[in-house]
Structure formats: C-alpha cells, structure tokens
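Next comes data_38.cif, a file with mmCIF, C-alpha atoms.
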data_input
#
loop_
_atom_site.label_atom_id
_atom_site.label_comp_id
_atom_site.auth_asym_id
_atom_site.auth_seq_id
_atom_site.Cartn_x
_atom_site.Cartn_y
_atom_site.Cartn_z
CA ILE A 1 114.58 109.94 107.99
CA PHE A 2 116.97 110.02 105.06
CA TYR A 3 116.12 111.37 101.63
CA VAL A 4 117.93 109.93 98.62
CA VAL A 5 118.41 111.66 95.29
CA ALA A 6 120.47 110.87 92.22
CA GLU A 7 123.63 112.89 91.71
CA SER A 8 122.33 114.12 88.35
CA ASP A 9 118.95 115.18 89.79
CA THR A 10 119.06 118.94 90.08
CA THR A 11 115.38 119.56 90.81
CA SER A 12 114.07 117.17 93.51
CA LYS A 13 116.02 118.49 96.48
CA PRO A 14 115.32 122.21 95.80
CA LYS A 15 111.62 121.48 95.19
CA ALA A 16 111.34 119.48 98.40
CA GLU A 17 113.14 122.13 100.42
CA ALA A 18 110.88 124.84 98.98
CA THR A 19 107.77 123.03 100.21
CA PRO A 20 106.32 124.74 103.30
CA GLY A 21 106.75 122.59 106.40
CA PHE A 22 109.28 120.24 104.77
CA GLU A 23 112.29 119.56 106.95
CA ALA A 24 115.13 117.26 106.04
CA GLU A 25 118.36 116.97 107.92
CA HIS A 26 119.82 114.10 105.97
CA TRP A 27 120.23 113.93 102.21
CA LEU A 28 122.04 111.03 100.57
CA ILE A 29 123.23 111.26 96.99
CA ILE A 30 123.78 108.20 94.85
CA PRO A 31 124.71 107.67 91.20
CA ARG A 32 121.78 107.17 88.85
CA ALA A 33 121.47 103.59 87.61
CA ARG A 34 120.43 104.75 84.15
CA GLU A 35 120.04 108.12 82.50
CA VAL A 36 117.25 108.74 80.00
CA GLY A 37 118.47 107.71 76.56
CA GLN A 38 121.50 105.84 77.89
CA SER A 39 122.48 102.72 75.93
CA TRP A 40 121.49 99.41 77.45
CA PHE A 41 125.07 98.15 77.31
CA SER A 42 126.50 101.04 79.35
CA THR A 43 123.56 100.72 81.74
CA ILE A 44 125.10 97.49 83.01
CA PHE A 45 128.10 99.39 84.38
CA THR A 46 126.26 102.42 85.75
CA THR A 47 123.75 100.14 87.49
CA LEU A 48 126.56 98.14 89.10
CA LYS A 49 128.16 101.38 90.31
CA ALA A 50 124.82 102.58 91.69
CA LEU A 51 124.29 99.21 93.40
CA LEU A 52 127.70 99.32 95.10
CA VAL A 53 127.10 102.85 96.41
CA ALA A 54 123.58 101.89 97.49
CA LEU A 55 124.87 98.84 99.37
CA MET A 56 127.46 100.93 101.20
CA LEU A 57 124.73 103.36 102.28
CA LEU A 58 122.38 100.55 103.26
CA PHE A 59 124.95 98.88 105.49
CA GLN A 60 125.82 102.23 107.10
CA LYS A 61 122.23 103.38 107.71
CA LYS A 62 120.45 100.00 108.11
CA PRO A 63 116.94 101.21 107.24
CA GLN A 64 113.90 99.29 108.43
CA LEU A 65 111.63 100.76 105.76
CA ILE A 66 112.10 102.31 102.33
CA ILE A 67 109.32 104.27 100.68
CA ALA A 68 110.18 104.84 97.05
CA ASN A 69 108.31 106.67 94.37
CA GLY A 70 110.14 106.51 91.29
CA PRO A 71 112.84 106.31 88.81
CA GLY A 72 115.64 103.83 88.54
CA THR A 73 117.51 105.61 91.33
CA CYS A 74 115.49 103.65 93.88
CA LEU A 75 115.98 100.26 92.22
CA PRO A 76 119.48 99.46 93.57
CA LEU A 77 118.47 100.69 97.03
CA CYS A 78 115.28 98.68 97.19
CA ILE A 79 116.66 95.45 95.81
CA GLY A 80 119.79 95.66 97.97
CA ALA A 81 117.76 96.46 101.08
CA ARG A 82 115.34 93.61 100.47
CA ILE A 83 118.01 90.99 99.78
CA PHE A 84 120.67 91.94 102.32
CA LEU A 85 118.75 93.63 105.14
CA GLN A 86 115.26 92.14 104.90
CA CYS A 87 114.03 95.74 104.84
CA ARG A 88 110.37 96.51 104.15
CA ILE A 89 109.77 98.14 100.75
CA ILE A 90 106.80 100.30 99.75
CA PHE A 91 106.83 101.46 96.14
CA CYS A 92 104.46 104.08 94.75
CA GLU A 93 104.16 103.99 90.95
CA SER A 94 103.90 107.22 89.03
CA TRP A 95 100.45 108.78 88.67
CA CYS A 96 100.94 108.98 84.89
CA ARG A 97 101.16 105.19 84.58
CA VAL A 98 97.58 104.42 83.54
CA ASP A 99 97.83 101.30 81.37
CA HIS A 100 101.17 99.73 82.24
CA LEU A 101 103.98 99.97 84.77
CA SER A 102 107.24 101.83 84.37
CA LEU A 103 110.37 99.74 83.86
CA THR A 104 111.32 100.44 87.48
CA GLY A 105 107.86 99.34 88.61
CA LYS A 106 108.11 96.08 86.66
CA LEU A 107 111.55 95.32 88.10
CA ILE A 108 110.74 96.25 91.70
CA TYR A 109 107.30 94.61 91.95
CA PRO A 110 108.63 91.18 93.07
CA PHE A 111 110.70 92.83 95.83
CA ALA A 112 108.09 95.23 97.20
CA HIS A 113 105.96 94.42 100.24
CA ARG A 114 103.41 97.02 99.14
CA PHE A 115 103.07 98.32 95.60
CA LEU A 116 100.81 101.30 95.10
CA VAL A 117 99.21 102.25 91.79
CA HIS A 118 96.73 105.03 91.13
CA TRP A 119 94.45 103.53 88.49
CA PRO A 120 91.86 100.72 88.82
CA LYS A 121 93.14 98.86 85.74
CA LEU A 122 96.61 98.55 87.22
CA SER A 123 95.36 97.70 90.70
CA LYS A 124 93.65 94.60 89.30
CA THR A 125 96.83 93.44 87.61
CA TYR A 126 99.18 94.43 90.46
CA PRO A 127 97.27 93.82 93.73
CA LYS A 128 100.06 94.22 96.34
#

structure tokens encoding of this file:
Amino acid sequence: IFYVVAESDTTSKPKAEATPGFEAEHWLIIPRAREVGQSWFSTIFTTLKALLVALMLLFQKKPQLIIANGPGTCLPLCIGARIFLQCRIIFCESWCRVDHLSLTGKLIYPFAHRFLVHWPKLSKTYPK
C-alpha cells in the first residue's frame, strides 16, 4: 500500500500517522495540480507538472487499484492510471458535498469505476 500526499500538504501525513493502529511504510509525494486561489491560467502548467510526476510514479509502482478521497492531487494519478494502466479507480466524494460535486469529483466521475457520495440527492444523480 502506498499513500500519496501533495508536497504542499502539511497536515494529512501527520494526522494519519497519529491515528492509533495506522501503519504506512510507503509515502509518495507529488506536486499539487492546483492550489486554492491559484489562477486558472497557471493551473495549466502546475497540472501538467503534477501529471508528469504522477505518470512516473504510476509506471514505477503499477497499481491495480487506487482509492482516492479528495482534492485535485488525486486527479492526475487517477486519470493517468485509468488511461495508461487500466487501473481500477474508486473515488469517495467529500462528506460536505450535499448538493453538488466538487470540481475534482466532476472531472474524475467519467474515469471512476466506483464513485461514492454520502447524500441521497447526489446518489440519484451520480449512481456509480
């Protein structure tokens, strides 16, 4: 099992490691595709960088399954894995998404084999 975090994410790894019973030997760090508040124009370049790093990791590790839960960090991994490795993708949308999907959710939905939402309204619209 490999855990992936964005290089600018300073909280996920420490929180996970502080969880009783959590054990992770392998952490992979990738550039974030888009930071909050980043301009859409510069997002093109940071997303391409994130995609290249993600593809290098994917071809090294060759995962059979990716379970993703969130922000744009997972987007390059999931899309690259689905297109180039025929990897299974399970995406879990954020609990706080009650009426509509996140941007990541909207972009990843066509690529996901399973797409989990937490609210009945969304499960009718997004049945995967």

Exercise. Pull out every residue that the PyMOL selection byres ((chain A and resi 88-94) around 7) matches in the shown coordinates and put them as a list in words.
Key: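 Evaluating the PyMOL selection byres ((chain A and resi 88-94) around 7) on this file yields Gln64, Leu65, Ile66, Ile67, Ala68, Asn69, Gly70, Cys78, Arg82, Gln86, Cys87, Trp95, Cys96, Arg97, Gly105, Ala112, His113, Arg114, Phe115, Leu116 and Val117 of chain A.
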
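Using only C-alpha atoms, the shortest contact distance between A:Ala24 and any of A:Ile1, A:Ser12, A:Phe45, A:Leu75 is found at A:Ile1.
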
Quiz item: How many Å separate atom CA of A:Phe59 from atom CA of A:Leu101?
Solution: 29.5 Å

Self-check item: Chain and number of each residue from the PyMOL selection byres ((chain A and resi 48) around 12), as a PyMOL selection string
Solution: chain A and resi 30-34+41-47+49-55+73+75-77+80

May I have the residues from that selection written out with C-alpha atoms, as a CSV table (one decimal), keeping the file's coordinate frame?
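And here's out11.csv as it stands now:
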chain,number,residue,atom,x,y,z
A,30,ILE,CA,123.8,108.2,94.8
A,31,PRO,CA,124.7,107.7,91.2
A,32,ARG,CA,121.8,107.2,88.8
A,33,ALA,CA,121.5,103.6,87.6
A,34,ARG,CA,120.4,104.8,84.2
A,41,PHE,CA,125.1,98.2,77.3
A,42,SER,CA,126.5,101.0,79.4
A,43,THR,CA,123.6,100.7,81.7
A,44,ILE,CA,125.1,97.5,83.0
A,45,PHE,CA,128.1,99.4,84.4
A,46,THR,CA,126.3,102.4,85.8
A,47,THR,CA,123.8,100.1,87.5
A,49,LYS,CA,128.2,101.4,90.3
A,50,ALA,CA,124.8,102.6,91.7
A,51,LEU,CA,124.3,99.2,93.4
A,52,LEU,CA,127.7,99.3,95.1
A,53,VAL,CA,127.1,102.8,96.4
A,54,ALA,CA,123.6,101.9,97.5
A,55,LEU,CA,124.9,98.8,99.4
A,73,THR,CA,117.5,105.6,91.3
A,75,LEU,CA,116.0,100.3,92.2
A,76,PRO,CA,119.5,99.5,93.6
A,77,LEU,CA,118.5,100.7,97.0
A,80,GLY,CA,119.8,95.7,98.0

For the provided coordinates, the residues matched by the PyMOL selection byres ((chain A and resi 104) around 7) should be stated as a tab-separated table (two decimals) with C-alpha atoms, keeping the file's coordinate frame.
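Listing of part13.tsv after writing:
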chain	number	residue	atom	x	y	z
A	71	PRO	CA	112.84	106.31	88.81
A	72	GLY	CA	115.64	103.83	88.54
A	75	LEU	CA	115.98	100.26	92.22
A	102	SER	CA	107.24	101.83	84.37
A	103	LEU	CA	110.37	99.74	83.86
A	105	GLY	CA	107.86	99.34	88.61
A	106	LYS	CA	108.11	96.08	86.66
A	107	LEU	CA	111.55	95.32	88.10
A	108	ILE	CA	110.74	96.25	91.70

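Atom pair atom CA of A:Lys13 / atom CA of A:Tyr109: separated by 25.8 Å.
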
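Picture a line from atom CA of A:Asp99 to atom CA of A:Thr11; it runs 27.0 Å.
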
Quiz item: Smallest atom-to-atom distance to A:Ile29: which of A:Val4, A:Cys74, A:Thr10, A:Lys128, using only C-alpha atoms?
Solution: A:Val4

Practice problem: Between A:Leu85, A:Ile79, A:Ala6, A:Leu28, single out the one closest to A:Lys62, counting all atoms listed in the file. | Solution: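 For A:Lys62, the nearest of the given residues is A:Leu85.
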